[in-house]
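Structure file start.txt with compact mmCIF, C-alpha atoms:
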# COMPACT_ATOMS: atom_id res chain seq x y z
CA MET Z 1 -61.28 25.14 77.53
CA SER Z 2 -60.88 28.89 77.47
CA LYS Z 3 -63.00 31.16 75.35
CA LYS Z 4 -59.88 32.30 73.43
CA ASN Z 5 -58.94 28.73 72.34
CA ARG Z 6 -62.50 28.07 71.11
CA LYS Z 7 -62.31 31.15 68.87
CA VAL Z 8 -58.97 30.03 67.39
CA ARG Z 9 -60.34 26.58 66.53
CA LEU Z 10 -63.48 28.05 64.97
CA LEU Z 11 -61.44 30.43 62.82
CA THR Z 12 -59.17 27.56 61.64
CA ALA Z 13 -62.20 25.44 60.63
CA ILE Z 14 -63.71 28.34 58.67
CA LEU Z 15 -60.45 28.93 56.74
CA ALA Z 16 -60.15 25.22 55.84
CA ALA Z 17 -63.72 25.18 54.57
CA VAL Z 18 -63.15 28.28 52.42
CA MET Z 19 -60.03 26.75 50.84
CA MET Z 20 -61.83 23.49 50.04
CA ILE Z 21 -64.82 25.31 48.45
CA SER Z 22 -62.40 27.46 46.38
CA THR Z 23 -60.64 24.38 45.05
CA LEU Z 24 -63.90 22.66 44.10
CA LEU Z 25 -65.09 25.75 42.24
CA THR Z 26 -61.83 26.01 40.24
CA ILE Z 27 -61.30 22.38 39.20
CA THR Z 28 -63.92 19.77 38.44
CA LEU Z 29 -62.63 16.24 38.24
CA SER Z 30 -64.33 13.93 35.78
CA ALA Z 31 -63.73 10.51 34.24
CA SER Z 32 -62.56 12.15 31.01
CA GLY Z 33 -59.76 14.07 32.69
CA THR Z 34 -59.29 17.55 34.12
CA THR Z 35 -61.43 20.49 33.04
CA TYR Z 36 -60.07 23.99 33.58
CA TYR Z 37 -62.30 27.01 34.13
CA GLY Z 38 -61.23 30.48 33.23
CA SER Z 39 -57.80 30.86 31.56
CA SER Z 40 -56.40 27.41 30.76
CA PRO Z 41 -53.08 26.33 29.17
CA SER Z 42 -53.10 25.41 25.46
CA ILE Z 43 -52.13 21.72 25.10
CA SER Z 44 -51.98 19.86 21.79
CA ASN Z 45 -51.45 16.14 21.38
CA VAL Z 46 -48.44 15.54 19.06
CA THR Z 47 -48.82 12.34 17.08
CA GLY Z 48 -46.30 12.89 14.22
CA SER Z 49 -42.53 13.38 14.17
CA LEU Z 50 -41.26 16.55 15.78
CA ASP Z 51 -38.38 18.52 14.24
CA MET Z 52 -36.46 20.09 17.11
CA GLY Z 53 -33.92 21.69 14.77
CA THR Z 54 -31.08 20.22 16.80
CA GLU Z 55 -28.93 19.68 13.71
CA ASN Z 56 -28.27 23.43 13.78
CA LEU Z 57 -26.59 23.00 17.16
CA TYR Z 58 -23.79 20.82 15.75
CA ASP Z 59 -20.86 21.54 13.48
CA LYS Z 60 -21.25 19.00 10.71
CA THR Z 61 -17.53 19.08 9.96
CA VAL Z 62 -16.72 17.56 13.36
CA MET Z 63 -17.55 14.08 12.09
CA TYR Z 64 -14.86 14.52 9.45
CA LYS Z 65 -12.13 15.56 11.89
CA LEU Z 66 -9.19 13.28 12.62
CA PRO Z 67 -7.20 13.38 15.88
CA ASP Z 68 -4.56 16.10 16.09
CA THR Z 69 -1.89 13.39 16.25
CA VAL Z 70 -2.57 12.53 12.60
CA LYS Z 71 -0.73 14.80 10.19
CA PRO Z 72 -2.20 15.76 6.79
CA SER Z 73 0.69 13.99 5.05
CA ASP Z 74 0.10 10.68 6.89
CA ASP Z 75 -1.30 7.71 4.98
CA ILE Z 76 -4.45 6.35 6.60
CA SER Z 77 -6.39 3.16 5.96
CA ILE Z 78 -10.11 3.85 5.49
CA ILE Z 79 -12.76 1.13 5.65
CA VAL Z 80 -15.89 2.14 3.75
CA GLN Z 81 -18.76 0.07 5.19
CA MET Z 82 -21.73 -0.06 2.81
CA LYS Z 83 -25.40 -0.64 3.57
CA THR Z 84 -25.61 -3.56 1.13
CA ASP Z 85 -26.37 -6.91 2.79
CA ALA Z 86 -23.27 -9.01 3.38
CA LEU Z 87 -23.20 -12.79 2.89
CA LEU Z 88 -23.95 -13.43 6.57
CA ASP Z 89 -26.97 -11.09 6.43
CA ALA Z 90 -28.30 -12.85 3.32
CA TYR Z 91 -27.73 -16.26 4.91
CA ASP Z 92 -29.69 -15.32 8.05
CA ALA Z 93 -32.51 -13.84 5.97
CA SER Z 94 -32.76 -16.89 3.70
CA GLY Z 95 -33.58 -19.32 6.49
CA SER Z 96 -31.51 -21.88 4.62
CA LYS Z 97 -30.89 -25.24 6.27
CA LEU Z 98 -27.47 -25.36 4.67
CA SER Z 99 -24.38 -24.54 6.68
CA PHE Z 100 -22.93 -21.11 6.01
CA THR Z 101 -20.00 -22.68 4.17
CA GLU Z 102 -22.41 -24.62 1.94
CA TYR Z 103 -24.58 -21.54 1.41
CA SER Z 104 -21.57 -19.45 0.35
CA LEU Z 105 -21.09 -21.81 -2.62
CA THR Z 106 -24.63 -21.37 -3.95
CA ALA Z 107 -25.75 -19.21 -6.88
CA GLU Z 108 -27.69 -17.04 -4.42
CA ALA Z 109 -24.52 -16.26 -2.48
CA GLN Z 110 -22.71 -15.46 -5.73
CA LYS Z 111 -25.46 -12.97 -6.55
CA VAL Z 112 -24.94 -11.34 -3.15
CA ARG Z 113 -21.21 -10.97 -3.85
CA GLU Z 114 -21.95 -9.46 -7.27
CA ASN Z 115 -24.33 -6.90 -5.71
CA ILE Z 116 -21.68 -5.94 -3.18
CA ALA Z 117 -19.02 -5.54 -5.89
CA LYS Z 118 -21.42 -3.46 -8.00
CA ASP Z 119 -22.28 -1.12 -5.12
CA ALA Z 120 -18.59 -0.84 -4.21
CA ASP Z 121 -17.76 0.24 -7.76
CA THR Z 122 -20.54 2.82 -7.59
CA LEU Z 123 -19.12 4.28 -4.37
CA LYS Z 124 -15.58 4.30 -5.74
CA GLY Z 125 -16.93 6.27 -8.69
CA LYS Z 126 -17.88 9.02 -6.23
CA LEU Z 127 -14.22 9.34 -5.22
CA LYS Z 128 -13.13 10.89 -8.51
CA GLY Z 129 -10.46 13.49 -7.96
CA ILE Z 130 -9.31 11.87 -4.71
CA GLU Z 131 -6.04 9.94 -4.87
CA TYR Z 132 -6.29 6.56 -3.18
CA THR Z 133 -5.01 2.99 -3.26
CA VAL Z 134 -7.49 0.12 -3.04
CA GLY Z 135 -6.88 -2.34 -0.21
CA GLU Z 136 -9.04 -5.20 1.06
CA SER Z 137 -12.60 -5.99 -0.05
CA TYR Z 138 -15.26 -7.18 2.41
CA ASN Z 139 -18.40 -9.24 1.71
CA VAL Z 140 -18.79 -11.84 4.48
CA VAL Z 141 -19.57 -10.18 7.83
CA MET Z 142 -19.89 -6.71 6.35
CA SER Z 143 -19.95 -5.25 2.87
CA GLY Z 144 -17.41 -2.65 1.86
CA PHE Z 145 -13.83 -2.02 0.93
CA GLU Z 146 -10.59 -0.48 2.18
CA ILE Z 147 -8.75 2.43 0.63
CA ILE Z 148 -5.50 4.11 1.65
CA ILE Z 149 -5.49 7.89 1.35
CA LYS Z 150 -3.64 10.93 2.62
CA ALA Z 151 -5.14 12.19 5.87
CA GLU Z 152 -5.74 15.57 4.23
CA ASN Z 153 -8.32 13.89 1.94
CA PHE Z 154 -10.31 12.28 4.77
CA ALA Z 155 -13.05 14.93 4.87
CA ASP Z 156 -13.42 14.77 1.08
CA VAL Z 157 -13.95 11.00 1.23
CA CYS Z 158 -16.58 11.35 3.96
CA LYS Z 159 -18.46 13.97 1.95
CA ALA Z 160 -18.18 11.94 -1.26
CA VAL Z 161 -19.78 8.79 0.17
CA GLY Z 162 -22.32 10.83 2.15
CA LYS Z 163 -25.14 8.77 3.66
CA ASN Z 164 -24.45 5.81 1.39
CA ALA Z 165 -21.81 4.31 3.69
CA THR Z 166 -20.02 4.58 7.01
CA VAL Z 167 -16.37 5.60 6.99
CA ILE Z 168 -14.12 3.91 9.55
CA VAL Z 169 -10.49 4.83 10.16
CA GLY Z 170 -8.32 1.72 10.27
CA GLU Z 171 -4.57 2.25 10.44
CA VAL Z 172 -2.45 5.41 10.30
CA TYR Z 173 0.86 5.16 8.42
CA LYS Z 174 3.53 7.78 8.71
CA PRO Z 175 4.62 9.13 5.31
CA ALA Z 176 7.42 7.26 3.59
CA GLU Z 177 10.80 8.88 4.09
CA THR Z 178 13.53 8.98 1.51
CA LYS Z 179 16.86 9.37 3.22
CA LEU Z 180 20.51 8.46 3.31
CA VAL Z 181 21.80 6.31 6.12
CA GLU Z 182 25.29 5.55 7.34
CA ASN Z 183 25.92 1.83 7.15
CA ASP Z 184 29.04 -0.31 7.30
CA VAL Z 185 29.86 -2.33 4.21
CA ASN Z 186 32.15 -5.35 4.16
CA VAL Z 187 34.76 -4.59 1.49
CA TYR Z 188 38.06 -6.29 0.86
CA GLY Z 189 41.28 -5.56 -0.97
CA THR Z 190 41.36 -2.10 -2.50
CA GLY Z 191 37.93 -1.19 -1.16
CA ILE Z 192 36.32 -1.22 -4.60
CA PHE Z 193 32.75 -2.32 -3.93
CA ASN Z 194 31.46 -5.45 -5.64
CA SER Z 195 27.66 -5.50 -5.94
CA ASP Z 196 27.40 -9.00 -7.43
CA GLY Z 197 24.56 -10.90 -5.77
CA PHE Z 198 23.16 -7.85 -3.99
CA GLY Z 199 20.35 -7.28 -6.50
CA TYR Z 200 21.15 -3.66 -7.35
CA ASP Z 201 23.48 -1.82 -9.68
CA GLY Z 202 25.29 0.85 -7.72
CA THR Z 203 25.16 4.39 -6.36
CA GLY Z 204 21.70 5.93 -6.67
CA THR Z 205 19.82 2.63 -6.49
CA VAL Z 206 16.69 2.99 -4.34
CA VAL Z 207 16.06 0.34 -1.70
CA ALA Z 208 12.39 0.45 -0.68
CA VAL Z 209 10.86 -0.99 2.50
CA TYR Z 210 7.20 -2.01 2.30
CA ASP Z 211 4.58 -3.08 4.82
CA ARG Z 212 2.90 -6.12 3.26
CA ASN Z 213 -0.23 -5.72 5.47
CA GLY Z 214 -0.22 -9.43 6.14
CA THR Z 215 -1.21 -10.32 2.59
CA ALA Z 216 0.61 -11.75 -0.41
CA ASP Z 217 -0.88 -9.19 -2.77
CA LYS Z 218 1.71 -6.56 -3.70
CA ALA Z 219 -1.12 -4.15 -4.52
CA ASP Z 220 -1.76 -3.92 -0.77
CA ASP Z 221 1.82 -2.94 0.06
CA VAL Z 222 2.36 0.34 1.89
CA LEU Z 223 5.67 2.16 1.31
CA VAL Z 224 7.32 2.74 4.67
CA GLU Z 225 10.79 4.03 3.80
CA GLN Z 226 13.20 4.13 0.92
CA PHE Z 227 16.95 4.59 0.89
CA TYR Z 228 19.57 5.55 -1.68
CA VAL Z 229 22.61 3.30 -2.06
CA VAL Z 230 25.90 5.21 -1.86
CA ILE Z 231 29.14 3.58 -2.98
CA PHE Z 232 32.05 5.94 -2.48
CA GLY Z 233 33.81 6.55 -5.78
CA ASP Z 234 31.04 5.00 -7.89
CA VAL Z 235 29.57 8.24 -9.23
CA ASP Z 236 28.11 6.93 -12.49
CA GLY Z 237 26.14 4.20 -10.69
CA ASN Z 238 27.53 1.11 -12.43
CA ALA Z 239 28.82 -0.46 -9.19
CA ARG Z 240 32.49 -0.20 -10.14
CA ILE Z 241 35.10 2.54 -9.74
CA ALA Z 242 36.96 3.57 -12.90
CA VAL Z 243 38.13 6.59 -14.88
CA ASP Z 244 34.53 7.01 -16.07
CA ASP Z 245 33.67 8.22 -12.58
CA GLN Z 246 36.46 10.79 -12.76
CA THR Z 247 34.95 12.10 -16.01
CA VAL Z 248 31.56 12.54 -14.29
CA ILE Z 249 33.15 14.47 -11.42
CA ASP Z 250 35.07 16.72 -13.82
CA ALA Z 251 31.79 17.52 -15.59
CA GLU Z 252 30.18 18.42 -12.24
CA VAL Z 253 33.08 20.75 -11.42
CA ALA Z 254 32.61 22.52 -14.75
CA SER Z 255 28.85 22.89 -14.25
CA PRO Z 256 27.80 22.31 -10.60
CA SER Z 257 24.33 20.81 -10.00
CA TRP Z 258 24.74 18.45 -7.06
CA SER Z 259 23.90 19.36 -3.48
CA SER Z 260 24.73 17.97 -0.06
CA THR Z 261 21.23 18.74 1.21
CA ARG Z 262 18.84 17.88 -1.64
CA THR Z 263 17.99 14.18 -1.45
CA LYS Z 264 17.77 13.58 -5.19
CA VAL Z 265 21.45 14.36 -5.70
CA GLU Z 266 22.83 14.07 -2.19
CA TYR Z 267 23.95 10.50 -2.90
CA LEU Z 268 26.02 11.76 -5.85
CA PHE Z 269 27.61 14.40 -3.64
CA ARG Z 270 28.57 11.85 -1.02
CA ALA Z 271 29.90 9.34 -3.51
CA ALA Z 272 32.15 11.96 -5.09
CA ASN Z 273 33.38 13.90 -2.05
CA LEU Z 274 36.28 11.58 -1.27
CA ASP Z 275 38.49 14.17 0.43
CA GLY Z 276 35.67 15.05 2.86
CA ASN Z 277 35.86 18.83 2.43
CA ARG Z 278 32.11 19.18 1.63
CA ARG Z 279 32.70 20.42 -1.91
CA ILE Z 280 33.22 18.72 -5.23
CA ALA Z 281 36.49 19.62 -6.94
CA LEU Z 282 39.06 18.21 -9.35
CA ASP Z 283 40.91 16.75 -6.33
CA ASP Z 284 38.07 14.26 -5.87
CA GLY Z 285 38.45 13.14 -9.49
CA VAL Z 286 42.18 12.62 -8.96
CA LEU Z 287 41.46 10.43 -5.92
CA ILE Z 288 39.08 8.31 -7.97
CA ALA Z 289 41.77 7.86 -10.59
CA SER Z 290 44.14 6.66 -7.87
CA VAL Z 291 41.55 4.14 -6.67
CA ALA Z 292 41.11 2.89 -10.23
CA ALA Z 293 44.90 2.49 -10.34
CA GLY Z 294 44.97 0.43 -7.13
CA ALA Z 295 44.78 2.78 -4.11
CA THR Z 296 42.62 1.68 -1.16
CA LEU Z 297 39.18 3.24 -0.69
CA ASN Z 298 37.40 2.89 2.65
CA GLN Z 299 33.70 2.32 1.94
CA VAL Z 300 32.77 3.21 5.53
CA THR Z 301 34.42 6.64 5.57
CA GLY Z 302 35.00 7.35 1.85
CA LYS Z 303 38.68 8.06 2.52
CA VAL Z 304 41.39 7.05 0.04
CA SER Z 305 44.77 5.85 1.28
Rewrite the coordinates I just gave you, this time as structure tokens.
Amino acid sequence: MSKKNRKVRLLTAILAAVMMISTLLTITLSASGTTYYGSSPSISNVTGSLDMGTENLYDKTVMYKLPDTVKPSDDISIIVQMKTDALLDAYDASGSKLSFTEYSLTAEAQKVRENIAKDADTLKGKLKGIEYTVGESYNVVMSGFEIIIKAENFADVCKAVGKNATVIVGEVYKPAETKLVENDVNVYGTGIFNSDGFGYDGTGTVVAVYDRNGTADKADDVLVEQFYVVIFGDVDGNARIAVDDQTVIDAEVASPSWSSTRTKVEYLFRAANLDGNRRIALDDGVLIASVAAGATLNQVTGKVS
């Protein structure tokens, strides 16, 4: 081996020894852990709860936000789930040897139902100032109740119940529409409409369509749409066409108040505008008089012939 190689190996061995001695002088390993000499990091053992302040990183209103597809005017079904034990929870906790059906008939189960009803009334009391309709009540698998509100009140409901309950969005109902629809009517003879057996009186009668929500309780019904009945020529709403209707039209001509665009009186406008010129005039009254005298009135088009 050359003299140069021996020097390189000797130098390498010296450097390794120096590094090992330096490490031993800096850190002493013991059974109790690691001891640092000189400047050491400050480490504290945390045994309690630690507040990271993460709540400041979130917008608390986000939890009250509905999807953009839900309009403020929409009706929404809200299920308010309470923290009160439901019947199933009480049954499991009781260790009863009875079946659940048998247990539900006991005085203990009745007490559970009463507690749920009491807590529900307390929560509903927090909703003062918020317009809502009460729906279903829950006490078997969960405790709580359903209310139907306008979507614009959703955040207010969430804030009102606070930490006392969990708010769950059930169904979204589009707002009820009141409108006029074109519909064929079977009329015979002169075209004077006969409402016998139809269950309503005449022009201006509101026909409402409800969603029964699968229950027989009318209190749970949700209004879907409502329509105004229009019988051409029947302006006073008594389901027959006579000179009385002509008198009503003449009064409207003298002091106009009806409109072809405002829903509340649009049905009157349509019923009276028999000549189809989009204005109410004495001519329409004359046509009604002719119908009362025997002329034919088409209830599909409103035309008199």
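If all atoms listed in the file are the atoms counted, then among Z:Gly233, Z:Gly294, Z:Gly95, Z:Gly162 the closest residue to Phe269 in chain Z is Z:Gly233.
Nearest residue to Thr133 in chain Z among Z:Ile116, Z:Ile79, Z:Thr106, Z:Leu297 is Z:Ile79, counting all atoms listed in the file.
Minimum distance to Asp85 in chain Z across Z:Gly302, Z:Gly170, Z:Gly144, Z:Gly276 (counting all atoms listed in the file) occurs at Z:Gly144.
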Looking at Z:Gly129, Z:Lys83, Z:Phe227, Z:Ile149, which one is nearest to Asn164 in chain Z, with distances taken over only C-alpha atoms?
-> Z:Lys83
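The residue that comes closest to Asp221 in chain Z, out of Z:Val265, Z:Val253, Z:Ile148, Z:Leu105 and on the basis of only C-alpha atoms, is Z:Ile148.
Using all atoms listed in the file, the nearest neighbour of Gln299 in chain Z within the list Z:Leu274, Z:Leu15, Z:Ile130, Z:Val243 is Z:Leu274.
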With a distance cut-off of 8 Å and only C-alpha atoms, select the neighbouring residues of Ala165 in chain Z, excluding the residue or stretch itself and same-chain residues fewer than 4 positions from it, and output the selection as a PyMOL selection string.
-> chain Z and resi 80-83+161
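CA of Ser257 in chain Z sits 27.9 Å away from CA of Thr296 in chain Z.
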